[in-house]
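Student: Before anything else, here's the structure in question.
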Amino acid sequence: MTPETQQHGVVRRVIATPRFFLAIVIIALVIFFGSVKPAFFSGPFVIAPLLTSVAIFTVVGLAQMMVLSIGHMNLAVGQMASFGAMFMGMSYDLWKLPLLVGLGIGLVAGAAVGGLSGWLVARTGVNSFIVTLAMSFALIGLVPTAYSALATGSAFIAKPSGLDVIGRDSFASFCFAGYCGPNAIPIIVVPAIVVMLIVGYLYARTRLGRELLMTGSNVKAATLSGIPTGRRIVLAHALSGLLAALAGFFLASSTGSFTPGIGDEFMLQSFVGPILGGTLLAGGYISVSGTFLGIVLTLLIRKGLDLFGVGIETLNVLLGLILIIALSTDRIRLLARRRSVKRVQQTDALLIEGNPL
Amino acid sequence: MNRSAASFFTSQNFTLFAIVIVGAAALGVTSHGGFFDSISVTTFFTFLAVPILIGLAQMVTLAVGQLNLAVGSIGGFTSCLAGVLISSLGVSPWVGALSCLVVGAVVGLINGSLVVFTRINGFIVTLATMTILLGAQYGLVGTRTISSTKWESVYALGRASLLGIPVIFWIAIAMAIVLRLAFSHTVTGRHLLASGGNPIAAGLAGISNDRSVVIAHTVSGLLCGVASFVSLASLSGVNQSVGGDWLLSSFAAPIIGGVALTGGSVAIFGTVLAATIVRLVDSARAELQLAPSWVNFVVGAVVLGTVALGRFRAVRAARRIKQPVAGSSVTIVESAQ
């Protein structure tokens, strides 16, 4: 699908994407919130927390996007985050390891548990959502059990040097020649941007990324063209687990402690971001910037509702509705792509291939 | 072809049955017989009704190759709605309690219609409706608990018993029997299985897969409504936590019970037995005074193991099809993978 779209004019291509639409909506919302509630532009109290959650949830969205790129899902994204974060907490609290070593251990743990899901999917051929759902169940039980056994008060609170810098500082604490950075921009956006760039580079410029997308758009064709699809599936799930663990780290660094509750709110957001941004559920097409914009939009709405004093329950209802609307547009986009097929009875690729219609 | 009846004598259900017996016996021994006194037996069966019902609710969607993440939130939302209807709007207790069934079925119908309309994985659709309903449930009750004293007559049903076993357990069993008959003896039931087993073949045979999906989600929602009704009758009150812990057990029961995750098969006795096993694990947890997360861990690990073992089931099924013995739909489905 990507080569097709590349043939269109650049402008038309940009305008036709959901990203363009998202950007317009985001700008409109910012203007609306800012004009109705001037407090919205308060740097340290509104913008900085908003950007912090954008940074965290963008990584969550990218974790989901990794598996969506091969047409799979990761329902355990939140639990993988809490699993990875648990190892980081243990590294800092029990083993007194420095920041980066603990981070590495946690990321490896996340990647391992993700890779295990991927391996099970590739080996058994069972649907990824069932495998990852089962994985999430096992981890939902394991993580709090381990916390209650190992941590006092069910949280690891030891802070290695540097953790607060990543999670809580803004550019205001970086001064150069008497000029300090804005306090509205937290440090945490830097690693998030780096992650976005790396993921974007992976898909746009590397052979590996292309192979992942090929696997996503048509497993059979990919296998026949010599791509080791089994290994790519494991890789996508492992990277998903790794990014989930990284998001868990970001969340823990911003709240200041490692708890079993990390990742509880990840699952819905992880799907809403990529889907709004144009990533296809069916696999084979991703958008890093779209995922970012999708996350920005939902968190912006959340922050706006906060400012208007609207409760969390309304937010849930809205998020669910946004997801359904995004789904319907996903469907419409898909239909537009397949306009040549007169009557698409099912999205099921099999049916389209094998149906005499 | 009579899979449900025949499967009772297959190894999986015998294994499950043996685990139930051994587990119950072990619990009886560790509790020095306390597990078998009448209060404890009544409690056991009272709180077995909901796991069976939500397991069946999940099983119906699995049968057509769908799933329903909103099981818990449909239950929570409908029970809270019934609570609010009775306590705040003065609706009579029975009408309010039975509204759970109607609302549950309507939500299921909406789920099914959305799946058919958007053509997107039922998982995502039900994830969205789950979120919406959780918000709505919280919006209805907030942080308060509506006490069951408002619906004494319904609550009395929760404590009534027949032949020494709570009536609400019999309700769950009745639902299982109805489902069993529906899947084996009605045209619609066979259509659902056909759509789940092989949508292309079913479509070519003139079965509307869309209709099957909508019916399965509606029945699933209805069963969640029954579970919610049972909760109203057995819990001392309803609040935002009702339904919060239903998701795992709703999947655990059919998966451990032997339902093919790819659709096309049901295992009603297996689901009921597996729900009983999960309930036993929960009882054991209470007996040994472990943290509730242990149950999740054990059940989750078992589910993961069962899913991983699906490979072996598929291999076995593939062997079976080479020497055709019984043309049960499940063998065909699994070998197609």
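Residues in the structure tokens are named by chain (A, B, ... in the order shown) and by number from 1 within that chain; ligands are numbered from 1 in the order shown.
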Tell me, as a ChimeraX atom specification, which residues lie within 6 Å of stretch 170-178 of chain B, counting only C-alpha atoms; anything in the same chain fewer than 3 positions away does not count.

Tutor: /B:49,53,167,181

Student: Give as a ChimeraX atom specification every residue of chain A that touches chain B within 7 Å, counting only C-alpha atoms.

Tutor: /A:120,124,131,134-135,137-142,144-145,313-314,316-317,320-321,323-324,327-328,331,346-347,351

Student: With C-alpha atoms kept, could you save the residues just selected as a PDB file, in the first residue's frame?

Tutor:
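Contents of result.pdb, freshly written:
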ATOM      1  CA  LEU A 120       4.206 -18.507  21.183  1.00  0.00           C
ATOM      2  CA  THR A 124       1.396 -22.154  17.825  1.00  0.00           C
ATOM      3  CA  VAL A 131      -1.665 -15.220  23.433  1.00  0.00           C
ATOM      4  CA  ALA A 134      -3.161 -14.918  28.363  1.00  0.00           C
ATOM      5  CA  MET A 135       0.259 -13.332  28.888  1.00  0.00           C
ATOM      6  CA  PHE A 137      -3.328 -12.507  32.803  1.00  0.00           C
ATOM      7  CA  ALA A 138      -0.196 -14.311  33.941  1.00  0.00           C
ATOM      8  CA  LEU A 139       1.610 -11.000  34.484  1.00  0.00           C
ATOM      9  CA  ILE A 140      -1.391  -9.366  36.204  1.00  0.00           C
ATOM     10  CA  GLY A 141      -1.000 -12.088  38.809  1.00  0.00           C
ATOM     11  CA  LEU A 142       2.785 -12.289  38.862  1.00  0.00           C
ATOM     12  CA  PRO A 144       1.692  -7.708  42.324  1.00  0.00           C
ATOM     13  CA  THR A 145       2.670 -11.032  43.906  1.00  0.00           C
ATOM     14  CA  GLU A 313     -15.846   8.818  33.860  1.00  0.00           C
ATOM     15  CA  THR A 314     -16.777  11.208  31.060  1.00  0.00           C
ATOM     16  CA  ASN A 316     -13.605   7.122  29.586  1.00  0.00           C
ATOM     17  CA  VAL A 317     -16.853   7.441  27.680  1.00  0.00           C
ATOM     18  CA  GLY A 320     -14.334   4.799  23.892  1.00  0.00           C
ATOM     19  CA  LEU A 321     -16.393   6.881  21.485  1.00  0.00           C
ATOM     20  CA  LEU A 323     -11.977   4.762  19.362  1.00  0.00           C
ATOM     21  CA  ILE A 324     -15.224   3.663  17.723  1.00  0.00           C
ATOM     22  CA  LEU A 327     -12.505   2.550  13.767  1.00  0.00           C
ATOM     23  CA  SER A 328     -15.244   3.609  11.458  1.00  0.00           C
ATOM     24  CA  ARG A 331     -13.043   1.099   7.768  1.00  0.00           C
ATOM     25  CA  GLN A 346     -15.327  -9.015   4.768  1.00  0.00           C
ATOM     26  CA  THR A 347     -12.018  -7.430   5.626  1.00  0.00           C
ATOM     27  CA  LEU A 351     -12.274 -14.039   1.479  1.00  0.00           C
TER      28      LEU A 351
END

Student: Would you please work out which residue, of A:Cys180, A:Leu281, A:Ile70, A:Met80, is nearest to A:Leu212 when using only C-alpha atoms?

Tutor: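 Between A:Cys180, A:Leu281, A:Ile70, A:Met80, the residue approaching A:Leu212 most closely is A:Ile70.
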
Student: Could you pull the residues within 7 Å of A:Ala111, counting only C-alpha atoms, minus those fewer than 3 positions along the same chain, as a VMD selection string?

Tutor: chain A and resid 107 to 108 114 to 115 238 to 239 241 to 242

Student: Could you write out, as a list in words, all the residues of stretch 64-167 of chain B that DSSP marks as strand (DSSP E)?

Tutor: Ile146, Ser147, Ser161, Leu162, Ile165 and Pro166 of chain B

Student: Using DSSP secondary structure from the backbone, list all helix (DSSP H, G or I) positions within stretch 204-238 of chain A, as a PyMOL selection string.

Tutor: chain A and resi 204-205+207-217+219-224+229-238

Student: Considering only C-alpha atoms, state which residue in the set B:Val219, B:Ala286, B:Leu192, B:Leu280 is at the smallest distance from B:Val22.

Tutor: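 Nearest candidate to B:Val22 out of B:Val219, B:Ala286, B:Leu192, B:Leu280: B:Leu280.
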
Student: Could you tell me how far atom CA of B:Asn198 sits from atom CA of B:Gly263, in Å to one decimal place?

Tutor: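 Interatomic distance here is 8.3 Å.
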